[in-house]
$ cat model-v7.cif   # mmCIF, N, CA and C atoms
data_upload
#
loop_
_atom_site.label_atom_id
_atom_site.label_comp_id
_atom_site.auth_asym_id
_atom_site.auth_seq_id
_atom_site.Cartn_x
_atom_site.Cartn_y
_atom_site.Cartn_z
N MET B 763 73.74 108.52 88.23
CA MET B 763 73.55 109.34 89.41
C MET B 763 72.16 109.92 89.36
N SER B 764 71.47 109.90 90.48
CA SER B 764 70.13 110.47 90.56
C SER B 764 70.10 111.53 91.66
N VAL B 765 69.10 112.40 91.54
CA VAL B 765 68.96 113.46 92.52
C VAL B 765 67.87 113.07 93.50
N GLY B 766 68.23 113.05 94.79
CA GLY B 766 67.29 112.65 95.82
C GLY B 766 66.57 113.85 96.42
N VAL B 767 66.02 113.65 97.60
CA VAL B 767 65.27 114.67 98.31
C VAL B 767 66.19 115.84 98.64
N GLY B 768 65.74 117.05 98.41
CA GLY B 768 66.51 118.24 98.73
C GLY B 768 67.60 118.55 97.72
N GLY B 769 67.58 117.90 96.56
CA GLY B 769 68.56 118.19 95.51
C GLY B 769 69.93 117.59 95.76
N ILE B 770 70.03 116.62 96.67
CA ILE B 770 71.30 115.99 96.99
C ILE B 770 71.51 114.80 96.05
N ALA B 771 72.69 114.75 95.41
CA ALA B 771 73.00 113.67 94.49
C ALA B 771 73.20 112.37 95.26
N THR B 772 72.64 111.31 94.75
CA THR B 772 72.79 110.00 95.38
C THR B 772 73.34 109.01 94.36
N GLY B 773 73.97 107.97 94.86
CA GLY B 773 74.48 106.92 93.99
C GLY B 773 75.83 107.29 93.41
N GLY B 774 76.43 106.35 92.71
CA GLY B 774 77.71 106.60 92.06
C GLY B 774 78.89 106.15 92.89
N GLY B 775 78.92 106.43 94.16
CA GLY B 775 79.99 105.99 95.04
C GLY B 775 81.31 106.69 94.82
N VAL B 776 82.32 106.20 95.51
CA VAL B 776 83.66 106.76 95.46
C VAL B 776 84.57 105.76 94.76
N ARG B 777 85.37 106.26 93.81
CA ARG B 777 86.32 105.40 93.09
C ARG B 777 87.69 106.06 93.09
N PHE B 778 88.72 105.24 93.27
CA PHE B 778 90.09 105.73 93.15
C PHE B 778 90.67 105.13 91.88
N LEU B 779 91.19 105.98 91.01
CA LEU B 779 91.66 105.55 89.70
C LEU B 779 93.19 105.55 89.56
N GLY B 780 93.89 105.98 90.59
CA GLY B 780 95.34 106.10 90.52
C GLY B 780 96.04 104.75 90.51
N GLN B 781 97.30 104.78 90.09
CA GLN B 781 98.11 103.56 90.05
C GLN B 781 99.14 103.60 91.17
N ARG B 782 99.37 102.44 91.77
CA ARG B 782 100.33 102.34 92.87
C ARG B 782 101.72 102.77 92.44
N ARG B 783 102.11 102.38 91.25
CA ARG B 783 103.46 102.68 90.78
C ARG B 783 103.71 104.19 90.72
N SER B 784 102.75 104.92 90.21
CA SER B 784 102.88 106.38 90.14
C SER B 784 102.95 107.00 91.53
N TYR B 785 102.14 106.47 92.44
CA TYR B 785 102.12 106.98 93.81
C TYR B 785 103.45 106.73 94.51
N TRP B 786 103.99 105.50 94.36
CA TRP B 786 105.27 105.18 94.99
C TRP B 786 106.41 105.99 94.39
N ARG B 787 106.37 106.21 93.08
CA ARG B 787 107.38 107.04 92.43
C ARG B 787 107.36 108.45 93.02
N LEU B 788 106.16 108.97 93.22
CA LEU B 788 105.99 110.29 93.82
C LEU B 788 106.57 110.33 95.23
N LEU B 789 106.28 109.30 96.03
CA LEU B 789 106.77 109.24 97.40
C LEU B 789 108.29 109.07 97.48
N ILE B 790 108.85 108.26 96.61
CA ILE B 790 110.30 108.05 96.64
C ILE B 790 111.03 109.32 96.22
N ARG B 791 110.54 109.96 95.16
CA ARG B 791 111.15 111.22 94.73
C ARG B 791 111.02 112.26 95.84
N GLY B 792 109.84 112.31 96.48
CA GLY B 792 109.62 113.26 97.57
C GLY B 792 110.52 113.00 98.76
N ALA B 793 110.72 111.72 99.09
CA ALA B 793 111.60 111.38 100.22
C ALA B 793 113.04 111.79 99.93
N ALA B 794 113.49 111.58 98.70
CA ALA B 794 114.85 111.98 98.34
C ALA B 794 115.01 113.49 98.43
N LEU B 795 114.06 114.23 97.90
CA LEU B 795 114.12 115.68 97.96
C LEU B 795 113.98 116.19 99.39
N LEU B 796 113.18 115.50 100.18
CA LEU B 796 113.00 115.87 101.58
C LEU B 796 114.33 115.75 102.34
N MET B 797 115.06 114.68 102.09
CA MET B 797 116.37 114.52 102.74
C MET B 797 117.38 115.54 102.21
N PHE B 798 117.37 115.76 100.91
CA PHE B 798 118.33 116.68 100.29
C PHE B 798 118.12 118.12 100.77
N THR B 799 116.85 118.52 100.97
CA THR B 799 116.54 119.90 101.39
C THR B 799 116.38 120.03 102.89
N LEU B 800 116.70 118.98 103.64
CA LEU B 800 116.61 118.97 105.11
C LEU B 800 115.22 119.31 105.62
N GLY B 801 114.20 118.84 104.93
CA GLY B 801 112.82 118.97 105.40
C GLY B 801 112.02 120.12 104.81
N ILE B 802 112.66 121.05 104.12
CA ILE B 802 111.94 122.19 103.56
C ILE B 802 110.96 121.74 102.48
N TYR B 803 111.28 120.67 101.75
CA TYR B 803 110.45 120.21 100.64
C TYR B 803 109.12 119.61 101.10
N ARG B 804 108.94 119.43 102.40
CA ARG B 804 107.74 118.74 102.87
C ARG B 804 106.45 119.42 102.46
N PHE B 805 106.45 120.73 102.33
CA PHE B 805 105.25 121.44 101.92
C PHE B 805 104.91 121.14 100.46
N TRP B 806 105.94 121.04 99.62
CA TRP B 806 105.73 120.72 98.22
C TRP B 806 105.35 119.25 98.07
N LEU B 807 105.93 118.39 98.89
CA LEU B 807 105.58 116.97 98.86
C LEU B 807 104.12 116.77 99.27
N ALA B 808 103.71 117.43 100.34
CA ALA B 808 102.31 117.30 100.79
C ALA B 808 101.36 117.78 99.70
N THR B 809 101.70 118.85 99.02
CA THR B 809 100.87 119.36 97.94
C THR B 809 100.81 118.37 96.78
N ASP B 810 101.96 117.81 96.40
CA ASP B 810 101.99 116.83 95.32
C ASP B 810 101.18 115.59 95.65
N VAL B 811 101.31 115.08 96.88
CA VAL B 811 100.58 113.89 97.29
C VAL B 811 99.08 114.17 97.30
N ARG B 812 98.69 115.29 97.88
CA ARG B 812 97.26 115.64 97.90
C ARG B 812 96.71 115.80 96.49
N ARG B 813 97.45 116.47 95.64
CA ARG B 813 97.00 116.68 94.26
C ARG B 813 96.84 115.33 93.55
N PHE B 814 97.79 114.40 93.76
CA PHE B 814 97.70 113.07 93.14
C PHE B 814 96.47 112.32 93.64
N LEU B 815 96.30 112.29 94.96
CA LEU B 815 95.18 111.54 95.53
C LEU B 815 93.84 112.13 95.11
N TRP B 816 93.72 113.44 95.18
CA TRP B 816 92.46 114.09 94.84
C TRP B 816 92.14 113.95 93.35
N SER B 817 93.14 114.14 92.50
CA SER B 817 92.86 114.10 91.06
C SER B 817 92.53 112.68 90.58
N ASN B 818 92.92 111.68 91.34
CA ASN B 818 92.62 110.30 90.96
C ASN B 818 91.43 109.72 91.73
N THR B 819 90.67 110.57 92.38
CA THR B 819 89.49 110.13 93.11
C THR B 819 88.24 110.74 92.48
N GLU B 820 87.23 109.91 92.30
CA GLU B 820 85.95 110.36 91.77
C GLU B 820 84.86 110.08 92.79
N ILE B 821 83.96 111.02 92.93
CA ILE B 821 82.77 110.82 93.75
C ILE B 821 81.57 111.03 92.85
N ALA B 822 80.77 109.99 92.72
CA ALA B 822 79.60 110.01 91.84
C ALA B 822 80.00 110.42 90.42
N GLY B 823 81.16 109.95 89.96
CA GLY B 823 81.60 110.22 88.61
C GLY B 823 82.27 111.57 88.41
N GLU B 824 82.35 112.39 89.43
CA GLU B 824 82.96 113.71 89.34
C GLU B 824 84.35 113.68 89.97
N PRO B 825 85.39 114.05 89.21
CA PRO B 825 86.74 114.06 89.78
C PRO B 825 86.92 115.22 90.76
N LEU B 826 87.78 115.00 91.75
CA LEU B 826 88.08 116.04 92.72
C LEU B 826 89.27 116.86 92.23
N GLU B 827 89.40 118.06 92.75
CA GLU B 827 90.52 118.92 92.38
C GLU B 827 91.09 119.57 93.62
N TYR B 828 92.40 119.42 93.81
CA TYR B 828 93.08 120.05 94.94
C TYR B 828 93.65 121.37 94.45
N ALA B 829 93.21 122.47 95.05
CA ALA B 829 93.61 123.80 94.59
C ALA B 829 94.64 124.46 95.50
N GLY B 830 95.10 123.78 96.53
CA GLY B 830 96.07 124.37 97.44
C GLY B 830 97.46 124.42 96.83
N THR B 831 98.29 125.28 97.40
CA THR B 831 99.68 125.38 96.92
C THR B 831 100.64 125.17 98.09
N ALA B 832 101.86 124.80 97.75
CA ALA B 832 102.88 124.60 98.77
C ALA B 832 103.21 125.90 99.49
N LEU B 833 103.16 127.00 98.77
CA LEU B 833 103.46 128.30 99.38
C LEU B 833 102.43 128.64 100.46
N GLU B 834 101.17 128.28 100.24
CA GLU B 834 100.14 128.50 101.26
C GLU B 834 100.44 127.69 102.51
N LEU B 835 100.86 126.44 102.34
CA LEU B 835 101.21 125.61 103.50
C LEU B 835 102.42 126.19 104.23
N LEU B 836 103.42 126.62 103.47
CA LEU B 836 104.62 127.20 104.07
C LEU B 836 104.30 128.47 104.84
N LEU B 837 103.51 129.35 104.27
CA LEU B 837 103.13 130.59 104.96
C LEU B 837 102.31 130.30 106.22
N GLY B 838 101.40 129.35 106.15
CA GLY B 838 100.63 128.97 107.33
C GLY B 838 101.52 128.44 108.43
N PHE B 839 102.51 127.64 108.06
CA PHE B 839 103.46 127.11 109.03
C PHE B 839 104.26 128.24 109.68
N LEU B 840 104.75 129.17 108.86
CA LEU B 840 105.55 130.28 109.39
C LEU B 840 104.73 131.18 110.31
N ILE B 841 103.47 131.41 109.96
CA ILE B 841 102.58 132.22 110.81
C ILE B 841 102.34 131.51 112.14
N ALA B 842 102.10 130.20 112.08
CA ALA B 842 101.88 129.43 113.31
C ALA B 842 103.13 129.47 114.19
N ILE B 843 104.30 129.33 113.60
CA ILE B 843 105.54 129.40 114.37
C ILE B 843 105.71 130.78 114.99
N ALA B 844 105.41 131.83 114.22
CA ALA B 844 105.55 133.20 114.73
C ALA B 844 104.62 133.47 115.91
N ILE B 845 103.50 132.79 115.95
CA ILE B 845 102.56 132.97 117.05
C ILE B 845 102.92 132.06 118.23
N LEU B 846 103.28 130.81 117.95
CA LEU B 846 103.49 129.83 119.01
C LEU B 846 104.80 130.00 119.77
N ILE B 847 105.87 130.41 119.11
CA ILE B 847 107.15 130.54 119.82
C ILE B 847 107.07 131.54 120.96
N PRO B 848 106.53 132.76 120.76
CA PRO B 848 106.42 133.67 121.90
C PRO B 848 105.50 133.15 123.00
N VAL B 849 104.43 132.46 122.62
CA VAL B 849 103.51 131.90 123.62
C VAL B 849 104.23 130.85 124.47
N TYR B 850 104.93 129.92 123.80
CA TYR B 850 105.65 128.89 124.54
C TYR B 850 106.79 129.47 125.36
N ALA B 851 107.46 130.48 124.85
CA ALA B 851 108.54 131.13 125.60
C ALA B 851 107.98 131.77 126.88
N GLY B 852 106.82 132.40 126.78
CA GLY B 852 106.18 132.99 127.95
C GLY B 852 105.78 131.94 128.97
N ILE B 853 105.20 130.85 128.52
CA ILE B 853 104.80 129.77 129.42
C ILE B 853 106.03 129.17 130.10
N PHE B 854 107.08 128.93 129.32
CA PHE B 854 108.32 128.37 129.87
C PHE B 854 108.92 129.31 130.91
N SER B 855 108.91 130.60 130.65
CA SER B 855 109.45 131.59 131.58
C SER B 855 108.68 131.58 132.90
N ILE B 856 107.36 131.54 132.80
CA ILE B 856 106.52 131.51 134.01
C ILE B 856 106.78 130.24 134.81
N LEU B 857 106.85 129.10 134.13
CA LEU B 857 107.09 127.83 134.83
C LEU B 857 108.47 127.81 135.49
N CYS B 858 109.47 128.35 134.81
CA CYS B 858 110.81 128.39 135.40
C CYS B 858 110.83 129.25 136.66
N ARG B 859 110.12 130.38 136.62
CA ARG B 859 110.06 131.24 137.81
C ARG B 859 109.36 130.53 138.97
N LYS B 860 108.27 129.81 138.67
CA LYS B 860 107.55 129.09 139.72
C LYS B 860 108.41 127.98 140.31
N ILE B 861 109.11 127.26 139.47
CA ILE B 861 109.97 126.18 139.96
C ILE B 861 111.11 126.77 140.79
N SER B 862 111.67 127.86 140.31
CA SER B 862 112.77 128.51 141.02
C SER B 862 112.29 129.01 142.39
N ALA B 863 111.09 129.58 142.44
CA ALA B 863 110.54 130.06 143.73
C ALA B 863 110.23 128.90 144.67
N THR B 864 109.75 127.79 144.10
CA THR B 864 109.44 126.62 144.92
C THR B 864 110.69 126.00 145.52
N LEU B 865 111.76 125.95 144.74
CA LEU B 865 112.99 125.36 145.22
C LEU B 865 113.81 126.32 146.07
N GLY B 866 113.43 127.58 146.04
CA GLY B 866 114.11 128.56 146.86
C GLY B 866 115.42 129.05 146.25
N THR B 867 115.60 128.84 144.96
CA THR B 867 116.80 129.32 144.31
C THR B 867 116.45 130.51 143.43
N ASP B 868 117.24 131.53 143.51
CA ASP B 868 116.99 132.72 142.68
C ASP B 868 118.20 133.11 141.91
#

$ encode --input "model-v7.cif" --output "structure tokens"
Amino acid sequence: MSVGVGGIATGGGVRFLGQRRSYWRLLIRGAALLMFTLGIYRFWLATDVRRFLWSNTEIAGEPLEYAGTALELLLGFLIAIAILIPVYAGIFSILCRKISATLGTD
């Protein structure tokens, strides 16, 4: 690896070092747990898959590291749901009133 103009590293390329068998084992175990937990495990599965892919990828000889956690994904999902449900309920309420007024039914 050499350092180019502006201190940016050049050369080396991207390499994936993971094995298909390990990846498929991870996916099959995740799918089983996903069905058993009725979808709750998806945050942990996404974290496991990302951690596997990132840890087995090198850029210019430097391995990547995934530092996210499943709990962070779960909390982000719950916050998004807490914000979006009232917004969608409000939009649905307004549309129902407009349709009701248009059809002349109250």

$ residues_near_point --input "model-v7.cif" --point "(93.6, 123.2, 94.7)" --cutoff "12 Å" --atoms "only C-alpha atoms" --output "list of chain:residue names"
B:Thr809, B:Asp810, B:Val811, B:Arg812, B:Arg813, B:Phe814, B:Leu815, B:Trp816, B:Ser817, B:Leu826, B:Glu827, B:Tyr828, B:Ala829, B:Gly830, B:Thr831, B:Ala832, B:Glu834, B:Leu835

$ write_last_selection --input "model-v7.cif" --atoms "N, CA and C atoms" --output "PDB file, keeping the file's coordinate frame"
ATOM      1  N   THR B 809     101.700 118.850  99.020  1.00  0.00           N
ATOM      2  CA  THR B 809     100.870 119.360  97.940  1.00  0.00           C
ATOM      3  C   THR B 809     100.810 118.370  96.780  1.00  0.00           C
ATOM      4  N   ASP B 810     101.960 117.810  96.400  1.00  0.00           N
ATOM      5  CA  ASP B 810     101.990 116.830  95.320  1.00  0.00           C
ATOM      6  C   ASP B 810     101.180 115.590  95.650  1.00  0.00           C
ATOM      7  N   VAL B 811     101.310 115.080  96.880  1.00  0.00           N
ATOM      8  CA  VAL B 811     100.580 113.890  97.290  1.00  0.00           C
ATOM      9  C   VAL B 811      99.080 114.170  97.300  1.00  0.00           C
ATOM     10  N   ARG B 812      98.690 115.290  97.880  1.00  0.00           N
ATOM     11  CA  ARG B 812      97.260 115.640  97.900  1.00  0.00           C
ATOM     12  C   ARG B 812      96.710 115.800  96.490  1.00  0.00           C
ATOM     13  N   ARG B 813      97.450 116.470  95.640  1.00  0.00           N
ATOM     14  CA  ARG B 813      97.000 116.680  94.260  1.00  0.00           C
ATOM     15  C   ARG B 813      96.840 115.330  93.550  1.00  0.00           C
ATOM     16  N   PHE B 814      97.790 114.400  93.760  1.00  0.00           N
ATOM     17  CA  PHE B 814      97.700 113.070  93.140  1.00  0.00           C
ATOM     18  C   PHE B 814      96.470 112.320  93.640  1.00  0.00           C
ATOM     19  N   LEU B 815      96.300 112.290  94.960  1.00  0.00           N
ATOM     20  CA  LEU B 815      95.180 111.540  95.530  1.00  0.00           C
ATOM     21  C   LEU B 815      93.840 112.130  95.110  1.00  0.00           C
ATOM     22  N   TRP B 816      93.720 113.440  95.180  1.00  0.00           N
ATOM     23  CA  TRP B 816      92.460 114.090  94.840  1.00  0.00           C
ATOM     24  C   TRP B 816      92.140 113.950  93.350  1.00  0.00           C
ATOM     25  N   SER B 817      93.140 114.140  92.500  1.00  0.00           N
ATOM     26  CA  SER B 817      92.860 114.100  91.060  1.00  0.00           C
ATOM     27  C   SER B 817      92.530 112.680  90.580  1.00  0.00           C
ATOM     28  N   LEU B 826      87.780 115.000  91.750  1.00  0.00           N
ATOM     29  CA  LEU B 826      88.080 116.040  92.720  1.00  0.00           C
ATOM     30  C   LEU B 826      89.270 116.860  92.230  1.00  0.00           C
ATOM     31  N   GLU B 827      89.400 118.060  92.750  1.00  0.00           N
ATOM     32  CA  GLU B 827      90.520 118.920  92.380  1.00  0.00           C
ATOM     33  C   GLU B 827      91.090 119.570  93.620  1.00  0.00           C
ATOM     34  N   TYR B 828      92.400 119.420  93.810  1.00  0.00           N
ATOM     35  CA  TYR B 828      93.080 120.050  94.940  1.00  0.00           C
ATOM     36  C   TYR B 828      93.650 121.370  94.450  1.00  0.00           C
ATOM     37  N   ALA B 829      93.210 122.470  95.050  1.00  0.00           N
ATOM     38  CA  ALA B 829      93.610 123.800  94.590  1.00  0.00           C
ATOM     39  C   ALA B 829      94.640 124.460  95.500  1.00  0.00           C
ATOM     40  N   GLY B 830      95.100 123.780  96.530  1.00  0.00           N
ATOM     41  CA  GLY B 830      96.070 124.370  97.440  1.00  0.00           C
ATOM     42  C   GLY B 830      97.460 124.420  96.830  1.00  0.00           C
ATOM     43  N   THR B 831      98.290 125.280  97.400  1.00  0.00           N
ATOM     44  CA  THR B 831      99.680 125.380  96.920  1.00  0.00           C
ATOM     45  C   THR B 831     100.640 125.170  98.090  1.00  0.00           C
ATOM     46  N   ALA B 832     101.860 124.800  97.750  1.00  0.00           N
ATOM     47  CA  ALA B 832     102.880 124.600  98.770  1.00  0.00           C
ATOM     48  C   ALA B 832     103.210 125.900  99.490  1.00  0.00           C
ATOM     49  N   GLU B 834     101.170 128.280 100.240  1.00  0.00           N
ATOM     50  CA  GLU B 834     100.140 128.500 101.260  1.00  0.00           C
ATOM     51  C   GLU B 834     100.440 127.690 102.510  1.00  0.00           C
ATOM     52  N   LEU B 835     100.860 126.440 102.340  1.00  0.00           N
ATOM     53  CA  LEU B 835     101.210 125.610 103.500  1.00  0.00           C
ATOM     54  C   LEU B 835     102.420 126.190 104.230  1.00  0.00           C
TER      55      LEU B 835
END

$ select_by_dssp --input "model-v7.cif" --residues "chain B" --states "strand (DSSP E or B)" --output "list in words"
Ser764, Val765, Ala771, Thr772, Val776, Arg777, Phe778, Thr819, Glu820, Ile821, Glu824 and Pro825 of chain B

$ atom_distance --input "model-v7.cif" --atom1 "atom C of Arg791 of chain B" --atom2 "atom CA of Trp806 of chain B"
10.3 Å

$ closest_atom_pairs --input "model-v7.cif" --of "segment 780-850 of chain B" --to "segment 855-858 of chain B" --cutoff "12 Å" --atoms "only C-alpha atoms" --output "Markdown table"
| residue | atom | partner | partner_atom | distance |
| --- | --- | --- | --- | --- |
| B:Pro848 | CA | B:Ser855 | CA | 10.4 |
| B:Val849 | CA | B:Ser855 | CA | 9.9 |
| B:Tyr850 | CA | B:Ser855 | CA | 8.4 |

$ write_last_selection --input "model-v7.cif" --atoms "N, CA and C atoms" --output "CSV table (one decimal), keeping the file's coordinate frame"
chain,number,residue,atom,x,y,z
B,848,PRO,N,106.5,132.8,120.8
B,848,PRO,CA,106.4,133.7,121.9
B,848,PRO,C,105.5,133.2,123.0
B,849,VAL,N,104.4,132.5,122.6
B,849,VAL,CA,103.5,131.9,123.6
B,849,VAL,C,104.2,130.8,124.5
B,850,TYR,N,104.9,129.9,123.8
B,850,TYR,CA,105.6,128.9,124.5
B,850,TYR,C,106.8,129.5,125.4

$ atom_distance --input "model-v7.cif" --atom1 "atom C of Phe805 of chain B" --atom2 "atom C of Gly792 of chain B"
10.0 Å

$ select_by_dssp --input "model-v7.cif" --residues "segment 786-868 of chain B" --states "helix (DSSP H, G or I)" --output "number ranges by chain"
B: 786-798, 804-817, 832-865

$ atom_distance --input "model-v7.cif" --atom1 "atom C of Gly780 of chain B" --atom2 "atom N of Ala808 of chain B"
17.8 Å

$ decode --input "model-v7.cif" --residues "segment 802-819 of chain B" --atoms "N, CA and C atoms" --output "mmCIF file, in the first residue's frame"
data_model
loop_
_atom_site.group_PDB
_atom_site.id
_atom_site.type_symbol
_atom_site.label_atom_id
_atom_site.label_comp_id
_atom_site.auth_asym_id
_atom_site.auth_seq_id
_atom_site.Cartn_x
_atom_site.Cartn_y
_atom_site.Cartn_z
ATOM 1 N N ILE B 802 -38.641 -11.513 16.042
ATOM 2 C CA ILE B 802 -37.918 -10.637 16.962
ATOM 3 C C ILE B 802 -36.407 -10.785 16.786
ATOM 4 N N TYR B 803 -35.939 -11.975 16.408
ATOM 5 C CA TYR B 803 -34.505 -12.241 16.287
ATOM 6 C C TYR B 803 -33.856 -11.502 15.111
ATOM 7 N N ARG B 804 -34.657 -10.864 14.274
ATOM 8 C CA ARG B 804 -34.096 -10.261 13.060
ATOM 9 C C ARG B 804 -33.032 -9.215 13.347
ATOM 10 N N PHE B 805 -33.130 -8.518 14.454
ATOM 11 C CA PHE B 805 -32.130 -7.508 14.795
ATOM 12 C C PHE B 805 -30.799 -8.171 15.147
ATOM 13 N N TRP B 806 -30.864 -9.306 15.848
ATOM 14 C CA TRP B 806 -29.658 -10.032 16.200
ATOM 15 C C TRP B 806 -29.075 -10.723 14.968
ATOM 16 N N LEU B 807 -29.936 -11.202 14.085
ATOM 17 C CA LEU B 807 -29.465 -11.822 12.847
ATOM 18 C C LEU B 807 -28.756 -10.795 11.970
ATOM 19 N N ALA B 808 -29.353 -9.624 11.822
ATOM 20 C CA ALA B 808 -28.732 -8.571 11.008
ATOM 21 C C ALA B 808 -27.365 -8.200 11.579
ATOM 22 N N THR B 809 -27.259 -8.122 12.891
ATOM 23 C CA THR B 809 -25.988 -7.801 13.524
ATOM 24 C C THR B 809 -24.966 -8.901 13.282
ATOM 25 N N ASP B 810 -25.379 -10.161 13.427
ATOM 26 C CA ASP B 810 -24.466 -11.281 13.189
ATOM 27 C C ASP B 810 -23.981 -11.313 11.747
ATOM 28 N N VAL B 811 -24.889 -11.109 10.796
ATOM 29 C CA VAL B 811 -24.522 -11.129 9.376
ATOM 30 C C VAL B 811 -23.565 -9.981 9.068
ATOM 31 N N ARG B 812 -23.885 -8.793 9.543
ATOM 32 C CA ARG B 812 -22.997 -7.651 9.299
ATOM 33 C C ARG B 812 -21.627 -7.876 9.925
ATOM 34 N N ARG B 813 -21.601 -8.379 11.138
ATOM 35 C CA ARG B 813 -20.326 -8.623 11.812
ATOM 36 C C ARG B 813 -19.504 -9.659 11.031
ATOM 37 N N PHE B 814 -20.155 -10.719 10.525
ATOM 38 C CA PHE B 814 -19.458 -11.736 9.739
ATOM 39 C C PHE B 814 -18.883 -11.133 8.458
ATOM 40 N N LEU B 815 -19.723 -10.402 7.726
ATOM 41 C CA LEU B 815 -19.272 -9.842 6.452
ATOM 42 C C LEU B 815 -18.158 -8.819 6.650
ATOM 43 N N TRP B 816 -18.322 -7.945 7.617
ATOM 44 C CA TRP B 816 -17.322 -6.910 7.853
ATOM 45 C C TRP B 816 -16.012 -7.500 8.358
ATOM 46 N N SER B 817 -16.081 -8.451 9.276
ATOM 47 C CA SER B 817 -14.845 -8.987 9.848
ATOM 48 C C SER B 817 -14.067 -9.835 8.845
ATOM 49 N N ASN B 818 -14.735 -10.303 7.808
ATOM 50 C CA ASN B 818 -14.053 -11.103 6.787
ATOM 51 C C ASN B 818 -13.730 -10.302 5.532
ATOM 52 N N THR B 819 -13.812 -8.992 5.619
ATOM 53 C CA THR B 819 -13.495 -8.124 4.490
ATOM 54 C C THR B 819 -12.284 -7.260 4.835
#
